[in-house]
file coords_37.txt (compact mmCIF, N, CA and C atoms)
# COMPACT_ATOMS: atom_id res chain seq x y z
N MET A 501 164.79 -87.53 33.16
CA MET A 501 165.94 -86.87 33.75
C MET A 501 166.25 -85.60 32.98
N ALA A 502 166.56 -84.56 33.70
CA ALA A 502 166.91 -83.29 33.07
C ALA A 502 168.39 -83.31 32.69
N LYS A 503 168.70 -82.57 31.64
CA LYS A 503 170.09 -82.46 31.23
C LYS A 503 170.86 -81.66 32.27
N SER A 504 172.08 -82.05 32.46
CA SER A 504 172.92 -81.28 33.38
C SER A 504 173.39 -80.00 32.68
N ARG A 505 173.76 -79.04 33.47
CA ARG A 505 174.17 -77.75 32.94
C ARG A 505 175.42 -77.86 32.08
N SER A 506 176.35 -78.71 32.48
CA SER A 506 177.60 -78.84 31.73
C SER A 506 177.37 -79.52 30.39
N SER A 507 176.47 -80.49 30.33
CA SER A 507 176.23 -81.15 29.04
C SER A 507 175.51 -80.23 28.06
N SER A 508 174.64 -79.36 28.55
CA SER A 508 173.99 -78.42 27.64
C SER A 508 174.98 -77.37 27.15
N PHE A 509 175.93 -76.97 28.00
CA PHE A 509 176.96 -76.04 27.57
C PHE A 509 177.86 -76.67 26.53
N ILE A 510 178.22 -77.92 26.74
CA ILE A 510 179.07 -78.62 25.77
C ILE A 510 178.35 -78.76 24.44
N THR A 511 177.07 -79.06 24.47
CA THR A 511 176.29 -79.16 23.24
C THR A 511 176.23 -77.80 22.53
N TRP A 512 175.97 -76.74 23.27
CA TRP A 512 175.92 -75.40 22.70
C TRP A 512 177.26 -75.04 22.07
N PHE A 513 178.35 -75.32 22.79
CA PHE A 513 179.69 -75.00 22.30
C PHE A 513 180.02 -75.80 21.05
N ALA A 514 179.65 -77.07 21.01
CA ALA A 514 179.91 -77.92 19.84
C ALA A 514 179.14 -77.41 18.63
N VAL A 515 177.91 -76.97 18.83
CA VAL A 515 177.12 -76.42 17.72
C VAL A 515 177.76 -75.14 17.20
N GLN A 516 178.25 -74.28 18.10
CA GLN A 516 178.91 -73.05 17.68
C GLN A 516 180.16 -73.34 16.86
N ILE A 517 180.97 -74.28 17.31
CA ILE A 517 182.20 -74.65 16.60
C ILE A 517 181.86 -75.25 15.24
N LEU A 518 180.87 -76.13 15.19
CA LEU A 518 180.46 -76.74 13.93
C LEU A 518 179.95 -75.68 12.97
N PHE A 519 179.19 -74.73 13.48
CA PHE A 519 178.68 -73.66 12.64
C PHE A 519 179.81 -72.83 12.04
N VAL A 520 180.83 -72.52 12.84
CA VAL A 520 181.97 -71.75 12.35
C VAL A 520 182.71 -72.53 11.26
N LEU A 521 182.91 -73.82 11.46
CA LEU A 521 183.61 -74.63 10.47
C LEU A 521 182.84 -74.73 9.16
N VAL A 522 181.54 -74.97 9.25
CA VAL A 522 180.71 -75.06 8.04
C VAL A 522 180.66 -73.70 7.33
N GLY A 523 180.55 -72.63 8.10
CA GLY A 523 180.55 -71.29 7.52
C GLY A 523 181.87 -70.97 6.83
N ALA A 524 182.97 -71.37 7.43
CA ALA A 524 184.27 -71.13 6.81
C ALA A 524 184.42 -71.91 5.51
N LEU A 525 183.96 -73.16 5.51
CA LEU A 525 184.02 -73.95 4.29
C LEU A 525 183.14 -73.36 3.19
N LEU A 526 181.95 -72.92 3.55
CA LEU A 526 181.05 -72.32 2.57
C LEU A 526 181.64 -71.01 2.03
N THR A 527 182.18 -70.19 2.90
CA THR A 527 182.80 -68.94 2.45
C THR A 527 183.99 -69.23 1.54
N GLY A 528 184.80 -70.20 1.89
CA GLY A 528 185.95 -70.56 1.06
C GLY A 528 185.53 -71.08 -0.30
N PHE A 529 184.53 -71.95 -0.34
CA PHE A 529 184.05 -72.49 -1.61
C PHE A 529 183.48 -71.38 -2.49
N LEU A 530 182.65 -70.51 -1.90
CA LEU A 530 182.07 -69.42 -2.68
C LEU A 530 183.14 -68.45 -3.17
N THR A 531 184.15 -68.20 -2.36
CA THR A 531 185.23 -67.29 -2.75
C THR A 531 186.00 -67.85 -3.94
N VAL A 532 186.35 -69.12 -3.89
CA VAL A 532 187.08 -69.73 -5.00
C VAL A 532 186.22 -69.75 -6.26
N PHE A 533 184.95 -70.10 -6.11
CA PHE A 533 184.05 -70.14 -7.26
C PHE A 533 183.92 -68.76 -7.91
N PHE A 534 183.66 -67.73 -7.11
CA PHE A 534 183.50 -66.40 -7.67
C PHE A 534 184.82 -65.84 -8.21
N ALA A 535 185.94 -66.16 -7.58
CA ALA A 535 187.23 -65.68 -8.07
C ALA A 535 187.53 -66.26 -9.45
N LYS A 536 187.29 -67.54 -9.62
CA LYS A 536 187.53 -68.17 -10.93
C LYS A 536 186.57 -67.63 -11.98
N PHE A 537 185.32 -67.43 -11.58
CA PHE A 537 184.32 -66.93 -12.52
C PHE A 537 184.61 -65.49 -12.93
N LEU A 538 184.91 -64.63 -11.96
CA LEU A 538 185.13 -63.22 -12.24
C LEU A 538 186.47 -62.97 -12.94
N ALA A 539 187.45 -63.85 -12.74
CA ALA A 539 188.77 -63.67 -13.37
C ALA A 539 188.69 -63.76 -14.89
N ARG A 540 187.63 -64.37 -15.40
CA ARG A 540 187.46 -64.42 -16.86
C ARG A 540 187.11 -63.05 -17.43
N TYR A 541 186.47 -62.21 -16.64
CA TYR A 541 185.94 -60.95 -17.14
C TYR A 541 186.68 -59.71 -16.65
N ILE A 542 187.30 -59.78 -15.47
CA ILE A 542 188.03 -58.64 -14.94
C ILE A 542 189.38 -59.12 -14.44
N SER A 543 190.27 -58.18 -14.11
CA SER A 543 191.61 -58.58 -13.67
C SER A 543 191.54 -59.29 -12.31
N SER A 544 192.52 -60.11 -12.07
CA SER A 544 192.52 -60.89 -10.82
C SER A 544 192.75 -60.01 -9.60
N ALA A 545 193.37 -58.84 -9.78
CA ALA A 545 193.57 -57.92 -8.65
C ALA A 545 192.24 -57.40 -8.11
N ILE A 546 191.26 -57.30 -8.95
CA ILE A 546 189.92 -56.86 -8.54
C ILE A 546 189.02 -58.05 -8.27
N ALA A 547 189.22 -59.15 -8.99
CA ALA A 547 188.34 -60.32 -8.86
C ALA A 547 188.45 -60.98 -7.49
N ALA A 548 189.66 -61.06 -6.94
CA ALA A 548 189.85 -61.75 -5.65
C ALA A 548 189.15 -61.02 -4.50
N PRO A 549 189.35 -59.71 -4.31
CA PRO A 549 188.62 -59.04 -3.22
C PRO A 549 187.11 -59.05 -3.43
N LEU A 550 186.68 -58.91 -4.67
CA LEU A 550 185.25 -58.95 -4.96
C LEU A 550 184.67 -60.32 -4.65
N ALA A 551 185.43 -61.36 -4.96
CA ALA A 551 184.98 -62.73 -4.66
C ALA A 551 184.88 -62.97 -3.15
N VAL A 552 185.83 -62.44 -2.40
CA VAL A 552 185.78 -62.58 -0.94
C VAL A 552 184.56 -61.86 -0.39
N GLY A 553 184.32 -60.65 -0.87
CA GLY A 553 183.15 -59.90 -0.42
C GLY A 553 181.85 -60.61 -0.74
N LEU A 554 181.74 -61.17 -1.94
CA LEU A 554 180.53 -61.92 -2.31
C LEU A 554 180.38 -63.18 -1.47
N GLY A 555 181.49 -63.89 -1.23
CA GLY A 555 181.43 -65.10 -0.42
C GLY A 555 180.99 -64.83 1.00
N VAL A 556 181.54 -63.79 1.61
CA VAL A 556 181.16 -63.43 2.98
C VAL A 556 179.71 -62.97 3.03
N SER A 557 179.31 -62.15 2.08
CA SER A 557 177.93 -61.65 2.06
C SER A 557 176.92 -62.78 1.93
N LEU A 558 177.17 -63.70 1.01
CA LEU A 558 176.23 -64.80 0.82
C LEU A 558 176.20 -65.74 2.01
N THR A 559 177.36 -65.99 2.62
CA THR A 559 177.38 -66.86 3.79
C THR A 559 176.60 -66.24 4.94
N LEU A 560 176.80 -64.95 5.18
CA LEU A 560 176.05 -64.29 6.25
C LEU A 560 174.56 -64.21 5.93
N TRP A 561 174.23 -64.04 4.67
CA TRP A 561 172.82 -64.02 4.29
C TRP A 561 172.18 -65.38 4.54
N PHE A 562 172.90 -66.45 4.22
CA PHE A 562 172.39 -67.80 4.49
C PHE A 562 172.19 -68.03 5.98
N THR A 563 173.11 -67.51 6.79
CA THR A 563 172.97 -67.71 8.24
C THR A 563 171.77 -66.98 8.80
N GLN A 564 171.40 -65.87 8.20
CA GLN A 564 170.24 -65.15 8.70
C GLN A 564 168.93 -65.83 8.33
N LEU A 565 168.99 -66.81 7.44
CA LEU A 565 167.81 -67.61 7.14
C LEU A 565 167.53 -68.63 8.23
N LEU A 566 168.53 -68.88 9.07
CA LEU A 566 168.35 -69.82 10.18
C LEU A 566 167.44 -69.21 11.24
N LYS A 567 166.80 -70.08 11.98
CA LYS A 567 165.90 -69.60 13.04
C LYS A 567 166.66 -68.91 14.16
N ARG A 568 167.78 -69.48 14.56
CA ARG A 568 168.61 -68.91 15.63
C ARG A 568 170.07 -68.89 15.19
N PRO A 569 170.51 -67.81 14.52
CA PRO A 569 171.93 -67.77 14.13
C PRO A 569 172.81 -67.63 15.37
N PRO A 570 174.08 -67.96 15.26
CA PRO A 570 174.99 -67.79 16.39
C PRO A 570 175.02 -66.35 16.88
N PHE A 571 175.35 -66.18 18.13
CA PHE A 571 175.24 -64.87 18.78
C PHE A 571 176.06 -63.78 18.11
N LEU A 572 177.18 -64.10 17.51
CA LEU A 572 178.00 -63.08 16.88
C LEU A 572 177.43 -62.60 15.55
N LEU A 573 176.58 -63.40 14.92
CA LEU A 573 176.08 -63.07 13.60
C LEU A 573 174.64 -62.59 13.59
N SER A 574 174.01 -62.50 14.73
CA SER A 574 172.58 -62.22 14.76
C SER A 574 172.25 -60.81 14.27
N GLY A 575 173.09 -59.82 14.48
CA GLY A 575 172.76 -58.47 14.08
C GLY A 575 173.66 -57.92 12.97
N THR A 576 174.41 -58.77 12.31
CA THR A 576 175.37 -58.33 11.30
C THR A 576 174.70 -58.18 9.95
N SER A 577 174.95 -57.07 9.28
CA SER A 577 174.44 -56.85 7.93
C SER A 577 175.35 -57.58 6.94
N PRO A 578 174.82 -58.47 6.10
CA PRO A 578 175.66 -59.18 5.14
C PRO A 578 176.37 -58.25 4.15
N LEU A 579 175.69 -57.19 3.75
CA LEU A 579 176.28 -56.28 2.78
C LEU A 579 177.48 -55.53 3.38
N ILE A 580 177.33 -55.07 4.61
CA ILE A 580 178.44 -54.35 5.26
C ILE A 580 179.60 -55.30 5.55
N ALA A 581 179.30 -56.51 6.00
CA ALA A 581 180.37 -57.48 6.29
C ALA A 581 181.11 -57.86 5.01
N GLY A 582 180.38 -58.06 3.92
CA GLY A 582 181.03 -58.38 2.65
C GLY A 582 181.89 -57.24 2.14
N PHE A 583 181.39 -56.01 2.29
CA PHE A 583 182.18 -54.84 1.87
C PHE A 583 183.45 -54.72 2.70
N CYS A 584 183.34 -54.89 4.00
CA CYS A 584 184.53 -54.80 4.87
C CYS A 584 185.53 -55.91 4.56
N ALA A 585 185.03 -57.10 4.28
CA ALA A 585 185.94 -58.21 3.94
C ALA A 585 186.65 -57.94 2.61
N ALA A 586 185.91 -57.46 1.62
CA ALA A 586 186.53 -57.16 0.32
C ALA A 586 187.54 -56.03 0.45
N LEU A 587 187.21 -55.01 1.22
CA LEU A 587 188.14 -53.90 1.42
C LEU A 587 189.40 -54.37 2.14
N GLY A 588 189.23 -55.24 3.14
CA GLY A 588 190.38 -55.79 3.85
C GLY A 588 191.30 -56.60 2.96
N VAL A 589 190.71 -57.41 2.09
CA VAL A 589 191.52 -58.21 1.17
C VAL A 589 192.23 -57.31 0.16
N TYR A 590 191.54 -56.30 -0.32
CA TYR A 590 192.17 -55.38 -1.28
C TYR A 590 193.35 -54.64 -0.64
N ILE A 591 193.17 -54.18 0.59
CA ILE A 591 194.26 -53.48 1.29
C ILE A 591 195.43 -54.44 1.55
N ALA A 592 195.11 -55.67 1.95
CA ALA A 592 196.18 -56.65 2.21
C ALA A 592 196.94 -56.97 0.94
N ARG A 593 196.24 -57.11 -0.18
CA ARG A 593 196.94 -57.39 -1.45
C ARG A 593 197.81 -56.21 -1.86
N THR A 594 197.35 -55.00 -1.59
CA THR A 594 198.13 -53.82 -1.94
C THR A 594 199.41 -53.74 -1.11
N TRP A 595 199.30 -54.00 0.18
CA TRP A 595 200.46 -53.93 1.06
C TRP A 595 201.45 -55.05 0.80
N LEU A 596 200.96 -56.21 0.44
CA LEU A 596 201.86 -57.33 0.21
C LEU A 596 202.47 -57.24 -1.18
call {"tool": "encode", "arguments": {"input": "coords_37.txt", "output": "C-alpha cells"}}
result
Amino acid sequence: MAKSRSSSFITWFAVQILFVLVGALLTGFLTVFFAKFLARYISSAIAAPLAVGLGVSLTLWFTQLLKRPPFLLSGTSPLIAGFCAALGVYIARTWL
C-alpha cells in the first residue's frame, strides 16, 4: 500500500518541527557553554554576543553536514548567520 498524501505531509512536518527543536537546544547549549568559557577571558558584554554567534554558526554548520537539511537552511552561510545573530544580540543588549 502506498502512503497517503496527508500522512507523508504530517511526517514531513513532524521532522521539520523536531529539527527546529533539536537545533534550538543545540544552539542554546553551545551559547551557554561558550558564554561561560569566554567570560573568563573577556568581559561579559562581549562574551554573550560572541557566544551566540559561535552557537548559531556551529549549529548551522552541523546542519549542512546532513544529507537533506530543512528547506530554510539549505543555502544559508553559517558564518554570515552567526555574524548576524551576534550583531543582533549586541544591538539588543545595547538598547536594553
call {"tool": "residues_around", "arguments": {"input": "coords_37.txt", "residues": "Gly582 of chain A", "least_positions_apart": "3", "cutoff": "8 Å", "atoms": "all atoms listed in the file", "output": "number ranges by chain"}}
result
A: 549-550, 552-558, 560, 577-579, 585-588
call {"tool": "atom_distance", "arguments": {"input": "coords_37.txt", "atom1": "atom CA of Ser507 of chain A", "atom2": "atom CA of Phe562 of chain A"}}
result
28.2 Å
call {"tool": "atom_distance", "arguments": {"input": "coords_37.txt", "atom1": "atom N of Ile546 of chain A", "atom2": "atom CA of Ile591 of chain A"}}
result
11.3 Å
call {"tool": "residues_around", "arguments": {"input": "coords_37.txt", "residues": "segment 528-533 of chain A", "least_positions_apart": "3", "cutoff": "5 Å", "atoms": "only N, CA and C atoms", "output": "ChimeraX atom specification"}}
result
/A:524-525,536-537,551-552,555
call {"tool": "atom_distance", "arguments": {"input": "coords_37.txt", "atom1": "atom C of Ile510 of chain A", "atom2": "atom C of Thr563 of chain A"}}
result
20.7 Å
call {"tool": "closest_residue", "arguments": {"input": "coords_37.txt", "among": "A:Ala539, A:Cys584, A:Leu526, A:Val520", "to": "Thr559 of chain A", "atoms": "all atoms listed in the file"}}
result
A:Leu526
call {"tool": "select_by_dssp", "arguments": {"input": "coords_37.txt", "residues": "chain A", "states": "alpha helix (DSSP H)", "output": "JSON, numbers by chain"}}
result
{"A": [505, 506, 507, 508, 509, 510, 511, 512, 513, 514, 515, 516, 517, 518, 519, 520, 521, 522, 523, 524, 525, 526, 527, 528, 529, 530, 531, 532, 533, 534, 535, 536, 537, 538, 539, 544, 545, 546, 547, 548, 549, 550, 551, 552, 553, 554, 555, 556, 557, 558, 559, 560, 561, 562, 563, 564, 578, 579, 580, 581, 582, 583, 584, 585, 586, 587, 588, 589, 590, 591, 592, 593, 594, 595]}
